[in-house]
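A.B. asks: Below is protein.cif; it holds mmCIF, C-alpha atoms and all ligand atoms.
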```cif
data_input
#
loop_
_atom_site.label_atom_id
_atom_site.label_comp_id
_atom_site.auth_asym_id
_atom_site.auth_seq_id
_atom_site.Cartn_x
_atom_site.Cartn_y
_atom_site.Cartn_z
CA MET A 1 420.86 74.11 91.73
CA HIS A 2 418.99 71.99 94.30
CA THR A 3 420.90 70.73 97.29
CA SER A 4 420.06 68.25 100.02
CA ILE A 5 421.61 67.89 103.46
CA ARG A 6 423.32 64.60 104.16
CA ASN A 7 426.43 63.20 105.81
CA GLY A 8 426.30 65.26 108.96
CA GLY A 9 425.15 68.49 107.42
CA GLN A 10 427.32 68.49 104.29
CA PRO A 11 425.24 69.76 101.36
CA ALA A 12 425.04 67.23 98.54
CA PRO A 13 424.70 69.07 95.23
CA ALA A 14 422.28 67.56 92.74
CA ALA A 15 423.99 66.01 89.74
CA ILE A 16 420.59 65.69 88.09
CA SER A 17 417.34 67.37 88.98
CA ALA A 18 414.18 67.39 86.94
CA VAL A 19 410.69 68.70 87.50
CA GLY A 20 407.61 67.76 85.50
CA LEU A 21 409.29 66.13 82.49
CA ARG A 22 406.74 65.40 79.79
CA LYS A 23 406.98 63.61 76.48
CA SER A 24 404.36 62.32 74.06
CA TYR A 25 404.59 60.56 70.73
CA GLY A 26 401.43 61.39 68.80
CA ASP A 27 398.56 60.79 71.20
CA LYS A 28 400.65 58.44 73.35
CA THR A 29 401.84 60.08 76.56
CA VAL A 30 405.12 58.45 77.53
CA LEU A 31 406.22 60.78 80.36
CA ASP A 32 403.52 62.57 82.28
CA GLY A 33 405.39 64.77 84.75
CA VAL A 34 408.52 63.00 85.98
CA ASP A 35 410.46 64.55 88.88
CA LEU A 36 414.00 63.48 89.73
CA TYR A 37 416.57 64.52 92.30
CA ILE A 38 419.90 62.71 92.18
CA PRO A 39 422.76 63.78 94.48
CA ALA A 40 426.26 63.89 93.00
CA GLY A 41 428.45 60.83 93.48
CA THR A 42 425.58 58.37 93.80
CA VAL A 43 424.08 55.58 91.70
CA PHE A 44 420.46 56.09 90.72
CA ALA A 45 418.43 53.32 89.10
CA LEU A 46 415.34 53.88 87.00
CA LEU A 47 413.17 50.78 86.90
CA GLY A 48 410.04 50.19 84.94
CA PRO A 49 408.25 47.66 82.78
CA ASN A 50 409.04 47.45 79.07
CA GLY A 51 407.98 50.62 77.32
CA ALA A 52 407.62 52.60 80.56
CA GLY A 53 409.79 55.40 79.19
CA LYS A 54 413.18 54.72 80.82
CA THR A 55 415.17 55.21 77.62
CA THR A 56 413.08 58.28 76.85
CA VAL A 57 414.18 59.81 80.19
CA VAL A 58 417.82 59.01 79.40
CA LYS A 59 417.51 60.50 75.91
CA ILE A 60 415.99 63.69 77.28
CA LEU A 61 418.54 64.11 80.07
CA SER A 62 421.41 63.46 77.68
CA THR A 63 420.01 65.99 75.17
CA LEU A 64 419.42 63.41 72.42
CA ILE A 65 415.77 64.43 72.29
CA THR A 66 413.87 67.34 73.80
CA ALA A 67 411.07 67.10 76.35
CA ASP A 68 407.65 68.57 75.54
CA GLY A 69 407.53 70.11 79.01
CA GLY A 70 409.31 70.37 82.33
CA GLN A 71 412.73 71.52 83.40
CA ALA A 72 415.97 69.73 84.18
CA GLN A 73 419.54 70.46 85.17
CA VAL A 74 422.39 68.05 84.63
CA ALA A 75 425.77 68.70 86.25
CA GLY A 76 424.64 72.24 86.92
CA HIS A 77 423.68 72.97 83.31
CA ASP A 78 420.14 73.65 82.21
CA LEU A 79 418.90 71.24 79.58
CA THR A 80 417.19 73.85 77.43
CA THR A 81 419.42 76.90 77.84
CA ASP A 82 422.80 75.11 78.05
CA ALA A 83 422.53 71.78 76.21
CA GLN A 84 426.17 72.16 75.14
CA GLY A 85 427.24 72.40 78.80
CA VAL A 86 425.24 69.25 79.58
CA ARG A 87 426.85 67.38 76.68
CA ALA A 88 430.35 68.35 77.81
CA ALA A 89 429.70 67.00 81.32
CA ILE A 90 428.08 63.65 80.54
CA GLY A 91 428.78 60.26 79.05
CA VAL A 92 426.15 57.94 77.63
CA THR A 93 426.42 54.24 76.97
CA GLY A 94 423.92 51.51 76.44
CA GLN A 95 421.40 50.57 73.84
CA PHE A 96 422.89 53.07 71.39
CA SER A 97 426.51 51.96 71.76
CA ALA A 98 429.27 54.09 70.25
CA VAL A 99 431.59 51.15 69.55
CA ASP A 100 432.60 50.80 65.88
CA GLY A 101 433.07 47.08 65.19
CA LEU A 102 435.20 47.60 62.09
CA ILE A 103 438.14 49.14 63.93
CA THR A 104 440.10 47.86 66.92
CA GLY A 105 439.31 48.63 70.55
CA GLU A 106 442.37 50.84 70.74
CA GLU A 107 441.39 52.73 67.58
CA ASN A 108 437.90 53.28 69.02
CA MET A 109 439.50 54.77 72.12
CA LEU A 110 441.89 56.99 70.14
CA LEU A 111 439.02 58.21 68.00
CA MET A 112 437.19 59.21 71.15
CA ALA A 113 440.31 61.00 72.42
CA ASP A 114 440.40 62.96 69.12
CA LEU A 115 436.74 63.87 69.53
CA HIS A 116 437.55 65.24 72.96
CA HIS A 117 440.47 67.24 71.49
CA LEU A 118 443.12 65.49 73.58
CA SER A 119 446.67 65.89 72.30
CA LYS A 120 448.23 62.81 70.62
CA THR A 121 450.34 62.07 73.71
CA GLU A 122 447.48 62.63 76.13
CA GLY A 123 445.14 60.53 73.94
CA ARG A 124 447.60 57.62 73.91
CA ARG A 125 448.20 57.89 77.66
CA THR A 126 444.48 57.97 78.49
CA THR A 127 443.74 55.12 76.06
CA ALA A 128 446.47 52.91 77.54
CA ALA A 129 445.31 53.61 81.09
CA LEU A 130 441.65 52.88 80.35
CA LEU A 131 442.39 49.72 78.32
CA GLU A 132 444.39 48.48 81.29
CA ARG A 133 441.68 49.44 83.79
CA PHE A 134 439.00 47.64 81.82
CA ASP A 135 441.08 44.54 81.18
CA LEU A 136 441.19 45.08 77.41
CA VAL A 137 444.94 45.25 76.80
CA GLN A 138 445.14 41.83 75.17
CA ALA A 139 442.19 42.55 72.89
CA ALA A 140 443.24 46.13 72.12
CA LYS A 141 444.58 45.40 68.62
CA LYS A 142 441.64 43.21 67.56
CA PRO A 143 438.56 44.50 65.71
CA ALA A 144 435.81 45.34 68.20
CA SER A 145 433.38 43.15 66.20
CA THR A 146 435.25 40.11 67.56
CA TYR A 147 434.66 41.15 71.19
CA SER A 148 432.22 39.34 73.48
CA GLY A 149 429.19 41.21 74.79
CA GLY A 150 430.94 41.93 78.09
CA MET A 151 434.09 43.20 76.36
CA LYS A 152 432.04 45.50 74.11
CA ARG A 153 430.25 46.97 77.14
CA ARG A 154 433.58 47.50 78.89
CA LEU A 155 435.01 49.17 75.78
CA ASP A 156 431.89 51.31 75.53
CA ILE A 157 432.27 52.55 79.11
CA ALA A 158 436.04 53.03 78.65
CA MET A 159 435.32 55.19 75.58
CA THR A 160 432.83 57.22 77.57
CA LEU A 161 435.40 57.84 80.30
CA VAL A 162 437.90 59.38 77.86
CA GLY A 163 435.98 62.62 78.27
CA ALA A 164 436.09 62.35 82.11
CA PRO A 165 432.30 62.83 82.45
CA ARG A 166 430.85 63.89 85.79
CA VAL A 167 427.56 62.17 85.04
CA ILE A 168 427.29 58.87 83.22
CA PHE A 169 424.09 57.39 81.80
CA LEU A 170 424.06 53.62 81.51
CA ASP A 171 421.01 52.39 79.65
CA GLU A 172 420.55 48.73 80.57
CA PRO A 173 424.30 48.17 80.93
CA THR A 174 424.13 44.45 81.64
CA THR A 175 421.23 43.26 79.49
CA GLY A 176 422.30 40.08 77.75
CA LEU A 177 425.50 39.62 79.72
CA ASP A 178 426.31 36.36 81.45
CA PRO A 179 426.64 36.38 85.26
CA ARG A 180 430.39 36.84 85.35
CA SER A 181 430.36 39.78 82.94
CA ARG A 182 427.43 41.26 84.86
CA HIS A 183 429.39 41.12 88.11
CA THR A 184 432.42 42.68 86.41
CA MET A 185 430.18 45.48 85.18
CA TRP A 186 428.76 45.98 88.67
CA GLN A 187 432.28 46.31 90.02
CA ILE A 188 433.09 48.89 87.34
CA ILE A 189 429.97 50.88 88.24
CA ARG A 190 430.83 50.79 91.94
CA GLU A 191 434.32 52.06 91.17
CA LEU A 192 432.96 54.90 89.04
CA VAL A 193 431.11 56.44 91.98
CA THR A 194 434.14 56.23 94.27
CA THR A 195 435.77 58.82 92.03
CA GLY A 196 432.77 61.14 92.40
CA THR A 197 431.03 60.27 89.13
CA THR A 198 427.24 60.12 89.27
CA VAL A 199 425.70 57.09 87.60
CA PHE A 200 422.19 57.12 86.16
CA LEU A 201 421.25 53.57 85.39
CA THR A 202 418.23 52.03 83.74
CA THR A 203 417.74 48.37 84.27
CA GLN A 204 415.25 45.58 83.90
CA TYR A 205 417.02 43.62 86.61
CA LEU A 206 415.59 44.28 90.04
CA GLU A 207 418.56 42.54 91.60
CA GLU A 208 420.88 44.94 89.82
CA ALA A 209 419.10 48.00 91.20
CA ASP A 210 419.13 46.40 94.65
CA GLU A 211 422.88 45.71 94.40
CA LEU A 212 424.04 49.01 93.00
CA ALA A 213 421.67 51.88 93.50
CA ASP A 214 421.68 54.36 96.34
CA ARG A 215 418.20 55.32 95.24
CA ILE A 216 415.69 53.73 92.91
CA ALA A 217 412.68 55.16 91.09
CA VAL A 218 409.97 52.99 89.61
CA LEU A 219 408.44 54.44 86.47
CA ASN A 220 404.86 53.52 85.66
CA ASN A 221 402.18 55.11 83.51
CA GLY A 222 404.43 58.04 82.73
CA LYS A 223 405.08 58.94 86.38
CA THR A 224 407.43 57.87 89.14
CA ALA A 225 405.28 55.43 91.10
CA ALA A 226 407.78 55.40 93.98
CA GLU A 227 411.26 56.61 94.77
CA GLY A 228 413.63 55.74 97.59
CA THR A 229 416.35 53.39 98.74
CA ALA A 230 415.76 49.70 98.05
CA GLU A 231 414.93 49.23 101.73
CA GLU A 232 412.45 52.13 101.72
CA LEU A 233 410.72 50.74 98.65
CA LYS A 234 410.50 47.29 100.17
CA ARG A 235 408.81 48.74 103.24
CA LEU A 236 406.12 50.35 101.07
CA ILE A 237 404.32 47.10 100.54
CA PRO A 238 403.01 44.55 103.00
CA GLY A 239 404.61 41.16 103.41
CA GLY A 240 407.39 41.95 105.90
CA HIS A 241 407.73 39.69 108.89
CA VAL A 242 409.96 38.74 111.76
CA ARG A 243 410.99 35.13 112.23
CA LEU A 244 411.69 33.93 115.75
CA ARG A 245 413.39 30.60 116.29
CA PHE A 246 413.57 28.74 119.58
CA THR A 247 415.51 25.76 120.87
CA ASP A 248 413.40 25.39 124.03
CA PRO A 249 409.96 23.90 123.16
CA ALA A 250 408.45 25.50 126.29
CA ALA A 251 409.60 28.97 125.20
CA TYR A 252 408.23 28.26 121.70
CA ARG A 253 404.82 27.25 123.10
CA SER A 254 404.75 30.26 125.36
CA ALA A 255 405.59 32.61 122.45
CA THR A 256 402.84 31.01 120.34
CA LEU A 257 400.28 31.75 123.05
CA THR A 258 401.58 35.26 123.77
CA LEU A 259 401.91 36.52 120.20
CA GLY A 260 398.67 35.14 118.76
CA ASP A 261 398.75 36.23 115.09
CA THR A 262 401.63 34.05 113.89
CA VAL A 263 402.51 31.45 111.29
CA ARG A 264 403.86 28.40 113.12
CA ASP A 265 406.54 25.96 112.08
CA ASP A 266 406.31 23.38 114.87
CA GLN A 267 409.12 21.24 113.50
CA ALA A 268 411.64 24.07 113.34
CA LEU A 269 410.24 25.70 116.53
CA ALA A 270 409.94 28.90 114.52
CA LEU A 271 407.27 31.59 114.40
CA GLN A 272 406.61 34.13 111.67
CA ILE A 273 405.07 37.38 112.92
CA PRO A 274 403.80 40.15 110.58
CA ASN A 275 406.10 43.14 111.09
CA ASN A 276 407.27 45.90 108.77
CA GLY A 277 410.78 45.90 110.28
CA THR A 278 410.72 49.51 111.43
CA GLN A 279 412.33 50.41 114.75
CA HIS A 280 408.89 51.14 116.20
CA GLU A 281 407.33 47.80 115.28
CA LEU A 282 410.42 45.81 116.24
CA ARG A 283 410.55 47.49 119.64
CA ALA A 284 406.85 46.72 120.21
CA LEU A 285 407.47 43.04 119.45
CA LEU A 286 410.54 42.85 121.69
CA ASP A 287 408.63 44.58 124.51
CA ARG A 288 405.88 41.95 124.30
CA LEU A 289 408.46 39.16 124.45
CA ASP A 290 410.30 40.81 127.37
CA THR A 291 407.10 41.38 129.33
CA ALA A 292 406.19 37.71 128.92
CA GLY A 293 409.74 36.66 129.87
CA ILE A 294 410.28 34.90 126.53
CA GLU A 295 413.71 34.67 124.98
CA ALA A 296 414.07 33.64 121.33
CA ASP A 297 417.33 32.07 120.18
CA GLU A 298 417.28 33.80 116.83
CA LEU A 299 415.44 36.80 115.40
CA THR A 300 415.51 37.69 111.70
CA VAL A 301 413.71 40.49 109.89
CA HIS A 302 412.35 39.71 106.42
CA THR A 303 411.32 42.54 104.13
CA PRO A 304 409.64 41.97 100.76
CA ASP A 305 412.11 41.91 97.89
CA LEU A 306 412.16 44.34 94.98
CA ASP A 307 410.21 41.92 92.81
CA ASP A 308 407.27 42.25 95.22
CA VAL A 309 407.61 46.03 95.15
CA PHE A 310 407.79 46.14 91.36
CA PHE A 311 404.69 44.02 90.89
CA ALA A 312 402.76 45.93 93.55
CA LEU A 313 403.66 49.34 92.12
CA THR A 314 403.37 48.68 88.43
CA GLY A 315 400.54 46.16 88.60
CA THR A 316 402.20 44.52 85.63
CA THR A 317 402.21 40.93 84.60
CA ASP A 318 405.13 41.83 82.35
CA VAL A 319 407.71 40.02 84.44
CA PRO A 320 411.00 41.90 84.45
CA ASN A 321 413.98 39.80 83.46
CA GLN A 322 416.06 38.13 86.07
CA PRO A 323 419.72 37.39 85.53
CA ASN A 324 420.32 34.09 83.72
CA GLN A 325 416.95 34.12 82.05
CA PRO A 326 417.22 32.29 78.75
CA ASN A 327 415.38 34.85 76.59
CA GLN A 328 418.28 37.28 76.43
CA PRO A 329 419.67 38.74 73.25
CA ASN A 330 422.42 36.51 71.89
CA GLN A 331 425.86 37.64 72.91
CA PRO A 332 429.06 35.67 72.56
CA ASN A 333 430.23 34.45 75.96
CA GLU A 334 433.47 35.56 77.54
CA PRO A 335 436.00 32.76 77.00
CA ASN A 336 436.18 30.04 79.69
CA GLN A 337 433.51 31.44 81.89
CA PRO A 338 432.11 29.33 84.67
CA LYS A 339 428.34 29.34 84.76
CA GLU A 340 427.13 30.41 88.15
CA ALA A 341 423.68 30.26 89.60
CA LEU A 342 422.12 33.48 90.78
CA ARG A 343 419.18 33.53 93.13
N1 LIG B 401 410.55 57.79 68.34
C1 LIG B 401 409.44 57.24 68.84
N2 LIG B 401 408.27 57.33 68.18
C2 LIG B 401 407.14 56.81 68.68
N3 LIG B 401 407.07 56.16 69.86
C3 LIG B 401 408.21 56.04 70.57
C4 LIG B 401 409.45 56.57 70.09
N4 LIG B 401 410.41 56.29 71.02
C5 LIG B 401 409.79 55.62 72.02
N5 LIG B 401 408.48 55.46 71.76
C6 LIG B 401 407.48 54.79 72.61
O1 LIG B 401 407.58 55.35 73.91
C7 LIG B 401 407.40 54.33 74.89
C8 LIG B 401 408.57 54.35 75.85
O2 LIG B 401 409.73 53.89 75.19
P1 LIG B 401 411.12 53.71 75.92
O3 LIG B 401 412.08 53.14 74.95
O4 LIG B 401 411.49 54.98 76.60
O5 LIG B 401 410.73 52.63 77.05
P2 LIG B 401 411.68 51.80 78.01
O6 LIG B 401 411.09 51.92 79.38
O7 LIG B 401 413.09 52.21 77.84
O8 LIG B 401 411.42 50.34 77.48
P3 LIG B 401 412.40 49.05 77.38
O9 LIG B 401 412.59 48.54 78.78
O10 LIG B 401 411.59 48.10 76.56
O11 LIG B 401 413.67 49.48 76.73
C9 LIG B 401 407.23 53.04 74.15
O12 LIG B 401 405.85 52.74 74.05
C10 LIG B 401 407.80 53.31 72.79
O13 LIG B 401 407.16 52.54 71.81
#
```
The structure given in the file should be rewritten as structure tokens.
Ligand SMILES: Nc1ncnc2c1ncn2[C@@H]1O[C@H](COP(=O)(O)OP(=O)(O)OP(=O)(O)O)[C@@H](O)[C@H]1O
C.D. replies:
Amino acid sequence: MHTSIRNGGQPAPAAISAVGLRKSYGDKTVLDGVDLYIPAGTVFALLGPNGAGKTTVVKILSTLITADGGQAQVAGHDLTTDAQGVRAAIGVTGQFSAVDGLITGEENMLLMADLHHLSKTEGRRTTAALLERFDLVQAAKKPASTYSGGMKRRLDIAMTLVGAPRVIFLDEPTTGLDPRSRHTMWQIIRELVTTGTTVFLTTQYLEEADELADRIAVLNNGKTAAEGTAEELKRLIPGGHVRLRFTDPAAYRSATLTLGDTVRDDQALALQIPNNGTQHELRALLDRLDTAGIEADELTVHTPDLDDVFFALTGTTDVPNQPNQPNQPNQPNEPNQPKEALR
């Protein structure tokens, strides 16, 4: 198994590693050599335009389909030689939800407990604990078909957790959810990793990847176009700048003359200077200000956001969805939910 060194020399075992994953349908190449390395206990987000192959990656890693080429290990089990071991260690939720609408939430949970061969007592105990944890106690005796979109997603994740998976795949876990349900889901995902679970997430929401993921990969043309933390990805593309604000007009004028290549806001006494926000470039800017004896009252670093990164890397005009966009699949709302504005 791969390992990486982090946290002061502690080796971080890979929960998922893949090299050269390939998949084609007919003459259409969907995955053209995808490499992944995901340390245990982290959230990883796979981003990509529609049809980029995100679900295909999830299906391969969760053994639902086989790759045409490449190798992968999940939770220490090889995908080709120990698919059973992979299946026993993972949970999958998302576009292919396991929730049966005809039976109640509690019955769905108990069915899952049976599938995992838990004893009757253990099954009931686990079910009760998870229904409580996911705020589904009141709805437990109602048919799952009556649940809102957010409740169904929560039930789906609760069902997945019955088997205590070490790696969980969430395929677009918040698509179609309203802002409040989305934030609840984010909280659930954050809590999952605190218990050591590794979360592999696909999402169309750049904000979601930014919020949740330790590392993000952008899939494009069958390959990972870039991989890194949100901050690393944002630094890959130009557009970063430092904004200096002054209260003393003389200091502002002096900075304008000293720094040259700036965008001026004379009313706000603010200057925008191209800067990628790295320690090196920031220090160079501060040195120039110090040498000229100029003191700014406020300094803020602006990096491009993930939208900029996504467009630059994928060259797509296929705008990824943002939360609150109207063209979402219809889902019943959670009762009495306040509408909140995001972004
Ligand atoms: N069983 C299949 N047979 C033929 N083509 C397929 C099959 N499954 C997926 N594809 C094609 O493979 C490509 C990748 O599909 P996939 O569902 O992995 O994309 P995605 O990135 O998850 O997209 P989305 O964000 O729209 O869900 C698409 O062009 C899709 O049409």
A.B. asks: Excluding A:Leu155 and its own-chain neighbours fewer than 5 positions away, which residues fall within 8 Å of it when counting only C-alpha atoms? Please give them as a PDB file with C-alpha atoms, in the coordinates of the input.
C.D. replies:
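The resulting file, out.pdb, is reproduced below:
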```
ATOM      1  CA  VAL A  99     431.590  51.150  69.550  1.00  0.00           C
ATOM      2  CA  GLY A 105     439.310  48.630  70.550  1.00  0.00           C
ATOM      3  CA  LEU A 131     442.390  49.720  78.320  1.00  0.00           C
ATOM      4  CA  PHE A 134     439.000  47.640  81.820  1.00  0.00           C
ATOM      5  CA  LEU A 136     441.190  45.080  77.410  1.00  0.00           C
TER       6      LEU A 136
END
```
A.B. asks: Give the answer as one residue: which of A:Thr160, A:Asn50, A:Thr104, A:Gln84 has the shortest atom-to-atom distance to ligand LIG 401 (chain B), using all atoms listed in the file?
C.D. replies: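 Residue with the minimum atom-to-atom distance to ligand LIG 401 (chain B): A:Asn50.
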A.B. asks: Just need the box for ligand LIG 401 (chain B), edges along x, y and z, holding every atom the file lists for it with 4 Å tacked onto each side, so centre and edge lengths in Å to one decimal, as lines of an AutoDock Vina configuration file.
C.D. replies:
```
center_x = 409.8
center_y = 52.9
center_z = 73.8
size_x = 15.8
size_y = 17.7
size_z = 19.2
```
A.B. asks: Select from chain A every residue with an atom at most 6 Å from any atom of ligand LIG 401 (chain B), then for each give the shortest pair of atoms and their distance in Å to one decimal, using all atoms listed in the file, rows by chain and rising number, as CSV.
C.D. replies:
```
residue,atom,partner,partner_atom,distance
A:Tyr25,CA,B:LIG401,C2,5.0
A:Val30,CA,B:LIG401,O1,5.4
A:Gly48,CA,B:LIG401,O6,5.9
A:Pro49,CA,B:LIG401,O9,6.0
A:Asn50,CA,B:LIG401,O10,3.6
A:Gly51,CA,B:LIG401,O5,3.4
A:Ala52,CA,B:LIG401,O6,3.7
A:Gly53,CA,B:LIG401,O4,3.1
A:Lys54,CA,B:LIG401,O6,3.8
A:Thr55,CA,B:LIG401,O7,3.7
A:Thr56,CA,B:LIG401,O4,3.7
```
A.B. asks: Could the residues in this selection be written to a file with C-alpha atoms, as an mmCIF file, in the coordinates of the input?
C.D. replies:
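Saved as out.cif:
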```
data_model
loop_
_atom_site.group_PDB
_atom_site.id
_atom_site.type_symbol
_atom_site.label_atom_id
_atom_site.label_comp_id
_atom_site.auth_asym_id
_atom_site.auth_seq_id
_atom_site.Cartn_x
_atom_site.Cartn_y
_atom_site.Cartn_z
ATOM 1 C CA TYR A 25 404.590 60.560 70.730
ATOM 2 C CA VAL A 30 405.120 58.450 77.530
ATOM 3 C CA GLY A 48 410.040 50.190 84.940
ATOM 4 C CA PRO A 49 408.250 47.660 82.780
ATOM 5 C CA ASN A 50 409.040 47.450 79.070
ATOM 6 C CA GLY A 51 407.980 50.620 77.320
ATOM 7 C CA ALA A 52 407.620 52.600 80.560
ATOM 8 C CA GLY A 53 409.790 55.400 79.190
ATOM 9 C CA LYS A 54 413.180 54.720 80.820
ATOM 10 C CA THR A 55 415.170 55.210 77.620
ATOM 11 C CA THR A 56 413.080 58.280 76.850
#
```
A.B. asks: Have a look at A:Val301, A:Val162, A:Val309, A:Ile38 and name the one nearest to A:Ala88; count only C-alpha atoms.
C.D. replies: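 Nearest candidate to A:Ala88 out of A:Val301, A:Val162, A:Val309, A:Ile38: A:Val162.
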A.B. asks: Interatomic distance between atom CA of A:Ala213 and atom CA of A:Pro173?
C.D. replies: 13.4 Å
A.B. asks: Between atom CA of A:Ala98 and atom CA of A:Asp156, what is the distance, to one decimal in Å?
C.D. replies: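 Computing the Euclidean distance for atom CA of A:Ala98 and atom CA of A:Asp156 yields 6.5 Å.
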A.B. asks: From the set A:Ile103, A:Asp265, A:Gln204, A:Arg182, which residue has the shortest atom-to-atom contact distance to A:Val218, counting only C-alpha atoms?
C.D. replies: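 For A:Val218, the nearest of the candidates is A:Gln204.
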A.B. asks: Using all atoms listed in the file, can you tell me which of A:Thr300, A:Asn221, A:Thr202, A:Ser97 comes closest to A:Arg22?
C.D. replies: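 Comparing A:Thr300, A:Asn221, A:Thr202, A:Ser97 against A:Arg22, the winner is A:Asn221.
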A.B. asks: Considering only C-alpha atoms, can you say which of A:Asp32, A:Asp261, A:Asp305, A:Asp27 comes closest to A:Glu211?
C.D. replies: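 Going through A:Asp32, A:Asp261, A:Asp305, A:Asp27 one by one, the smallest distance to A:Glu211 is for A:Asp305.
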A.B. asks: Quick one: distance from atom CA of A:Lys141 to atom CA of A:Glu122 in Å, one decimal?
C.D. replies: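 Interatomic distance here is 19.0 Å.
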A.B. asks: Kindly add N, CA and C atoms to the incomplete stretch 138-157 of chain A and provide the output as a PDB file, in the frame of the given file.
C.D. replies:
```pdb
ATOM      1  N   GLN A 138     444.874  42.928  76.110  1.00  0.00           N
ATOM      2  CA  GLN A 138     445.140  41.830  75.170  1.00  0.00           C
ATOM      3  C   GLN A 138     444.309  41.941  73.895  1.00  0.00           C
ATOM      4  N   ALA A 139     443.109  42.477  74.036  1.00  0.00           N
ATOM      5  CA  ALA A 139     442.190  42.550  72.890  1.00  0.00           C
ATOM      6  C   ALA A 139     442.330  43.876  72.139  1.00  0.00           C
ATOM      7  N   ALA A 140     443.203  44.749  72.623  1.00  0.00           N
ATOM      8  CA  ALA A 140     443.240  46.130  72.120  1.00  0.00           C
ATOM      9  C   ALA A 140     443.452  46.226  70.610  1.00  0.00           C
ATOM     10  N   LYS A 141     444.226  45.289  70.045  1.00  0.00           N
ATOM     11  CA  LYS A 141     444.580  45.400  68.620  1.00  0.00           C
ATOM     12  C   LYS A 141     443.623  44.579  67.726  1.00  0.00           C
ATOM     13  N   LYS A 142     442.585  44.018  68.354  1.00  0.00           N
ATOM     14  CA  LYS A 142     441.640  43.210  67.560  1.00  0.00           C
ATOM     15  C   LYS A 142     440.404  44.044  67.211  1.00  0.00           C
ATOM     16  N   PRO A 143     439.769  43.746  66.054  1.00  0.00           N
ATOM     17  CA  PRO A 143     438.560  44.500  65.710  1.00  0.00           C
ATOM     18  C   PRO A 143     437.494  44.313  66.788  1.00  0.00           C
ATOM     19  N   ALA A 144     436.800  45.389  67.117  1.00  0.00           N
ATOM     20  CA  ALA A 144     435.810  45.340  68.200  1.00  0.00           C
ATOM     21  C   ALA A 144     434.677  44.372  67.879  1.00  0.00           C
ATOM     22  N   SER A 145     434.458  44.080  66.569  1.00  0.00           N
ATOM     23  CA  SER A 145     433.380  43.150  66.200  1.00  0.00           C
ATOM     24  C   SER A 145     433.661  41.743  66.737  1.00  0.00           C
ATOM     25  N   THR A 146     434.927  41.446  67.059  1.00  0.00           N
ATOM     26  CA  THR A 146     435.250  40.110  67.560  1.00  0.00           C
ATOM     27  C   THR A 146     435.098  40.026  69.085  1.00  0.00           C
ATOM     28  N   TYR A 147     434.765  41.137  69.722  1.00  0.00           N
ATOM     29  CA  TYR A 147     434.660  41.150  71.190  1.00  0.00           C
ATOM     30  C   TYR A 147     433.375  40.461  71.650  1.00  0.00           C
ATOM     31  N   SER A 148     433.438  39.886  72.860  1.00  0.00           N
ATOM     32  CA  SER A 148     432.220  39.340  73.480  1.00  0.00           C
ATOM     33  C   SER A 148     431.348  40.504  73.937  1.00  0.00           C
ATOM     34  N   GLY A 149     430.113  40.172  74.315  1.00  0.00           N
ATOM     35  CA  GLY A 149     429.190  41.210  74.790  1.00  0.00           C
ATOM     36  C   GLY A 149     429.771  41.999  75.958  1.00  0.00           C
ATOM     37  N   GLY A 150     430.371  41.267  76.905  1.00  0.00           N
ATOM     38  CA  GLY A 150     430.940  41.930  78.090  1.00  0.00           C
ATOM     39  C   GLY A 150     432.095  42.836  77.713  1.00  0.00           C
ATOM     40  N   MET A 151     432.945  42.377  76.775  1.00  0.00           N
ATOM     41  CA  MET A 151     434.090  43.200  76.360  1.00  0.00           C
ATOM     42  C   MET A 151     433.606  44.475  75.650  1.00  0.00           C
ATOM     43  N   LYS A 152     432.568  44.315  74.818  1.00  0.00           N
ATOM     44  CA  LYS A 152     432.040  45.500  74.110  1.00  0.00           C
ATOM     45  C   LYS A 152     431.500  46.523  75.107  1.00  0.00           C
ATOM     46  N   ARG A 153     430.782  46.028  76.128  1.00  0.00           N
ATOM     47  CA  ARG A 153     430.250  46.970  77.140  1.00  0.00           C
ATOM     48  C   ARG A 153     431.400  47.666  77.869  1.00  0.00           C
ATOM     49  N   ARG A 154     432.451  46.882  78.168  1.00  0.00           N
ATOM     50  CA  ARG A 154     433.580  47.500  78.890  1.00  0.00           C
ATOM     51  C   ARG A 154     434.252  48.549  78.003  1.00  0.00           C
ATOM     52  N   LEU A 155     434.401  48.209  76.716  1.00  0.00           N
ATOM     53  CA  LEU A 155     435.010  49.170  75.780  1.00  0.00           C
ATOM     54  C   LEU A 155     434.128  50.426  75.688  1.00  0.00           C
ATOM     55  N   ASP A 156     432.830  50.199  75.634  1.00  0.00           N
ATOM     56  CA  ASP A 156     431.890  51.310  75.530  1.00  0.00           C
ATOM     57  C   ASP A 156     432.045  52.268  76.716  1.00  0.00           C
ATOM     58  N   ILE A 157     432.117  51.694  77.926  1.00  0.00           N
ATOM     59  CA  ILE A 157     432.270  52.550  79.110  1.00  0.00           C
ATOM     60  C   ILE A 157     433.648  53.213  79.102  1.00  0.00           C
TER      61      ILE A 157
END
```
